[in-house]
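This is protein_15.pdb. It holds PDB, C-alpha atoms and all ligand atoms.
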ATOM      1  CA  MET I   1     -41.272 -14.617  72.718
ATOM      2  CA  HIS I   2     -44.557 -14.396  70.910
ATOM      3  CA  SER I   3     -47.484 -16.264  72.258
ATOM      4  CA  MET I   4     -49.363 -17.935  69.406
ATOM      5  CA  ASP I   5     -52.849 -18.183  70.761
ATOM      6  CA  SER I   6     -54.767 -19.209  67.688
ATOM      7  CA  SER I   7     -58.029 -19.350  69.626
ATOM      8  CA  SER I   8     -58.238 -15.571  69.411
ATOM      9  CA  PHE I   9     -58.798 -15.809  65.656
ATOM     10  CA  ASN I  10     -61.917 -16.354  63.666
ATOM     11  CA  TYR I  11     -61.257 -18.184  60.443
ATOM     12  CA  ALA I  12     -62.838 -17.983  57.090
ATOM     13  CA  THR I  13     -62.655 -21.322  55.335
ATOM     14  CA  PRO I  14     -59.280 -21.635  53.665
ATOM     15  CA  ARG I  15     -59.638 -22.243  49.959
ATOM     16  CA  LYS I  16     -57.306 -24.302  47.873
ATOM     17  CA  ARG I  17     -56.875 -23.290  44.256
ATOM     18  CA  GLY I  18     -54.283 -25.304  42.393
ATOM     19  CA  ASN I  19     -51.079 -24.958  44.348
ATOM     20  CA  LEU I  20     -52.305 -22.054  46.420
ATOM     21  CA  ILE I  21     -54.147 -21.904  49.703
ATOM     22  CA  GLN I  22     -55.936 -18.626  50.275
ATOM     23  CA  ALA I  23     -57.529 -17.643  53.550
ATOM     24  CA  LYS I  24     -58.929 -14.600  55.214
ATOM     25  CA  VAL I  25     -57.908 -14.345  58.843
ATOM     26  CA  GLU I  26     -60.048 -12.140  61.016
ATOM     27  CA  ALA I  27     -58.430 -10.998  64.213
ATOM     28  CA  SER I  28     -59.035  -7.998  66.406
ATOM     29  CA  GLU I  29     -58.248  -5.676  63.521
ATOM     30  CA  ILE I  30     -61.077  -4.244  61.471
ATOM     31  CA  THR I  31     -59.765  -5.440  58.135
ATOM     32  CA  PRO I  32     -59.352  -9.188  57.652
ATOM     33  CA  HIS I  33     -55.905 -10.260  56.597
ATOM     34  CA  GLN I  34     -55.586 -12.010  53.277
ATOM     35  CA  VAL I  35     -53.088 -14.826  53.442
ATOM     36  CA  SER I  36     -51.765 -16.690  50.408
ATOM     37  CA  ILE I  37     -49.772 -19.861  50.859
ATOM     38  CA  PRO I  38     -48.331 -21.375  47.698
ATOM     39  CA  PHE I  39     -47.092 -24.924  48.008
ATOM     40  CA  ASP I  40     -45.720 -27.699  45.842
ATOM     41  CA  ALA I  41     -44.684 -31.303  46.220
ATOM     42  CA  GLY I  42     -41.769 -30.177  48.350
ATOM     43  CA  GLY I  43     -44.053 -28.419  50.804
ATOM     44  CA  ILE I  44     -45.048 -24.831  51.310
ATOM     45  CA  THR I  45     -42.985 -22.098  49.742
ATOM     46  CA  PRO I  46     -42.474 -18.511  50.917
ATOM     47  CA  THR I  47     -45.781 -17.143  51.994
ATOM     48  CA  CYS I  48     -47.389 -13.750  51.860
ATOM     49  CA  CYS I  49     -49.842 -11.857  53.979
ATOM     50  CA  ASN I  50     -51.015  -8.277  53.652
ATOM     51  CA  CYS I  51     -50.359  -7.271  57.232
ATOM     52  CA  ALA I  52     -47.545  -5.029  58.368
ATOM     53  CA  TYR I  53     -45.571  -7.793  60.047
ATOM     54  CA  ASP I  54     -41.935  -7.107  59.400
ATOM     55  CA  TYR I  55     -40.094  -9.487  61.681
ATOM     56  CA  ASP I  56     -38.281 -12.573  60.508
ATOM     57  CA  GLY I  57     -40.401 -15.558  59.726
ATOM     58  CA  TRP I  58     -44.154 -15.909  59.366
ATOM     59  CA  CYS I  59     -46.698 -13.588  60.881
ATOM     60  CA  LYS I  60     -49.422 -14.859  63.172
ATOM     61  CA  HIS I  61     -51.993 -14.842  60.363
ATOM     62  CA  ILE I  62     -49.920 -17.226  58.290
ATOM     63  CA  ILE I  63     -49.327 -19.455  61.289
ATOM     64  CA  ALA I  64     -53.027 -19.370  62.127
ATOM     65  CA  THR I  65     -53.890 -20.360  58.560
ATOM     66  CA  LEU I  66     -51.401 -23.208  58.610
ATOM     67  CA  LEU I  67     -52.801 -24.420  61.924
ATOM     68  CA  THR I  68     -56.320 -24.328  60.525
ATOM     69  CA  CYS I  69     -55.242 -26.167  57.407
ATOM     70  CA  SER I  70     -53.431 -28.870  59.316
ATOM     71  CA  ARG I  71     -56.412 -29.404  61.605
ATOM     72  CA  GLN I  72     -59.040 -29.216  58.896
ATOM     73  CA  LEU I  73     -57.317 -30.513  55.810
ATOM     74  CA  GLU I  74     -60.385 -32.373  54.669
ATOM     75  CA  ARG I  75     -62.440 -29.208  54.962
ATOM     76  CA  ILE I  76     -60.352 -27.106  52.635
ATOM     77  CA  GLU I  77     -62.497 -26.329  49.703
ATOM     78  CA  GLU I  78     -61.088 -27.492  46.407
ATOM     79  CA  ARG I  79     -61.370 -24.857  43.745
ATOM     80  CA  PRO I  80     -60.682 -25.658  40.108
ATOM     81  CA  THR I  81     -57.663 -23.981  38.633
ATOM     82  CA  LEU I  82     -58.052 -21.709  35.657
ATOM     83  CA  GLU I  83     -56.283 -24.264  33.479
ATOM     84  CA  HIS I  84     -58.721 -26.901  34.611
ATOM     85  CA  LEU I  85     -61.656 -24.675  33.733
ATOM     86  CA  LEU I  86     -60.212 -23.865  30.325
ATOM     87  CA  ASN I  87     -59.517 -27.518  29.584
ATOM     88  CA  ARG I  88     -62.999 -28.595  30.492
ATOM     89  CA  PRO I  89     -65.034 -29.669  27.475
ATOM     90  CA  LEU I  90     -67.746 -27.202  26.633
ATOM     91  CA  ALA I  91     -71.253 -28.478  27.065
ATOM     92  CA  ILE I  92     -73.279 -27.321  24.082
ATOM     93  CA  PHE I  93     -76.992 -28.021  24.040
TER      94      PHE I  93
HETATM   95 ZN    ZN I 101     -50.161 -11.231  58.649
END
Using structure tokens, write down the structure from this file.
Ligand SMILES: [Zn+2]
Amino acid sequence: MHSMDSSSFNYATPRKRGNLIQAKVEASEITPHQVSIPFDAGGITPTCCNCAYDYDGWCKHIIATLLTCSRQLERIEERPTLEHLLNRPLAIF
């Protein structure tokens, strides 16, 4: 069994953009892993990470991101979606 010791990770702040949570997970590897977690009203949907994890289920970076999000939901930075930006009235002075 895998031991999921999330304390060995350093987290960048997960960012929420529309229906997507994006986070960089820094572990012992040199390159941070970029995790993308799309979700909708029904919950999270299949998730991707750029690591080489090829077992069934979610890799430890995804799990670490989900743990961070569930602990720090209020801290997830809201980012406007592109549609929101495009729909915003232009301020002309
Ligand atoms: Zn991963």
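Counting all atoms listed in the file, the residue from I:His61, I:Ile37, I:Lys24, I:Thr45 that sits nearest to ligand ZN 101 (chain I) is I:His61.
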Name the residues that the PyMOL selection byres (((chain I and resi 34) around 10) and not hetatm) pulls out of this structure, and write them as a short mmCIF file (atom, residue, chain, number, x, y, z; two decimals) with C-alpha atoms, in the frame of the given file.
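Final file, selection35.cif:
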data_model
loop_
_atom_site.label_atom_id
_atom_site.label_comp_id
_atom_site.auth_asym_id
_atom_site.auth_seq_id
_atom_site.Cartn_x
_atom_site.Cartn_y
_atom_site.Cartn_z
CA GLN I 22 -55.94 -18.63 50.28
CA ALA I 23 -57.53 -17.64 53.55
CA LYS I 24 -58.93 -14.60 55.21
CA VAL I 25 -57.91 -14.34 58.84
CA GLU I 26 -60.05 -12.14 61.02
CA THR I 31 -59.76 -5.44 58.14
CA PRO I 32 -59.35 -9.19 57.65
CA HIS I 33 -55.90 -10.26 56.60
CA VAL I 35 -53.09 -14.83 53.44
CA SER I 36 -51.76 -16.69 50.41
CA CYS I 48 -47.39 -13.75 51.86
CA CYS I 49 -49.84 -11.86 53.98
CA ASN I 50 -51.02 -8.28 53.65
CA CYS I 51 -50.36 -7.27 57.23
CA HIS I 61 -51.99 -14.84 60.36
CA ILE I 62 -49.92 -17.23 58.29
#
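Going from atom CA of Glu78 of chain I over to atom CA of Ile63 of chain I, you cover 20.6 Å.
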Take every atom of segment 55-73 of chain I listed in the file, fit an axis-aligned box around them, add 3 Å per side, and give the centre and edge lengths in Å to one decimal as JSON.
{"center_x": -48.7, "center_y": -20.0, "center_z": 59.5, "size_x": 26.8, "size_y": 27.0, "size_z": 13.4}
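As for atom CA of Arg17 of chain I and atom CA of Asp40 of chain I, they are spaced 12.1 Å apart.
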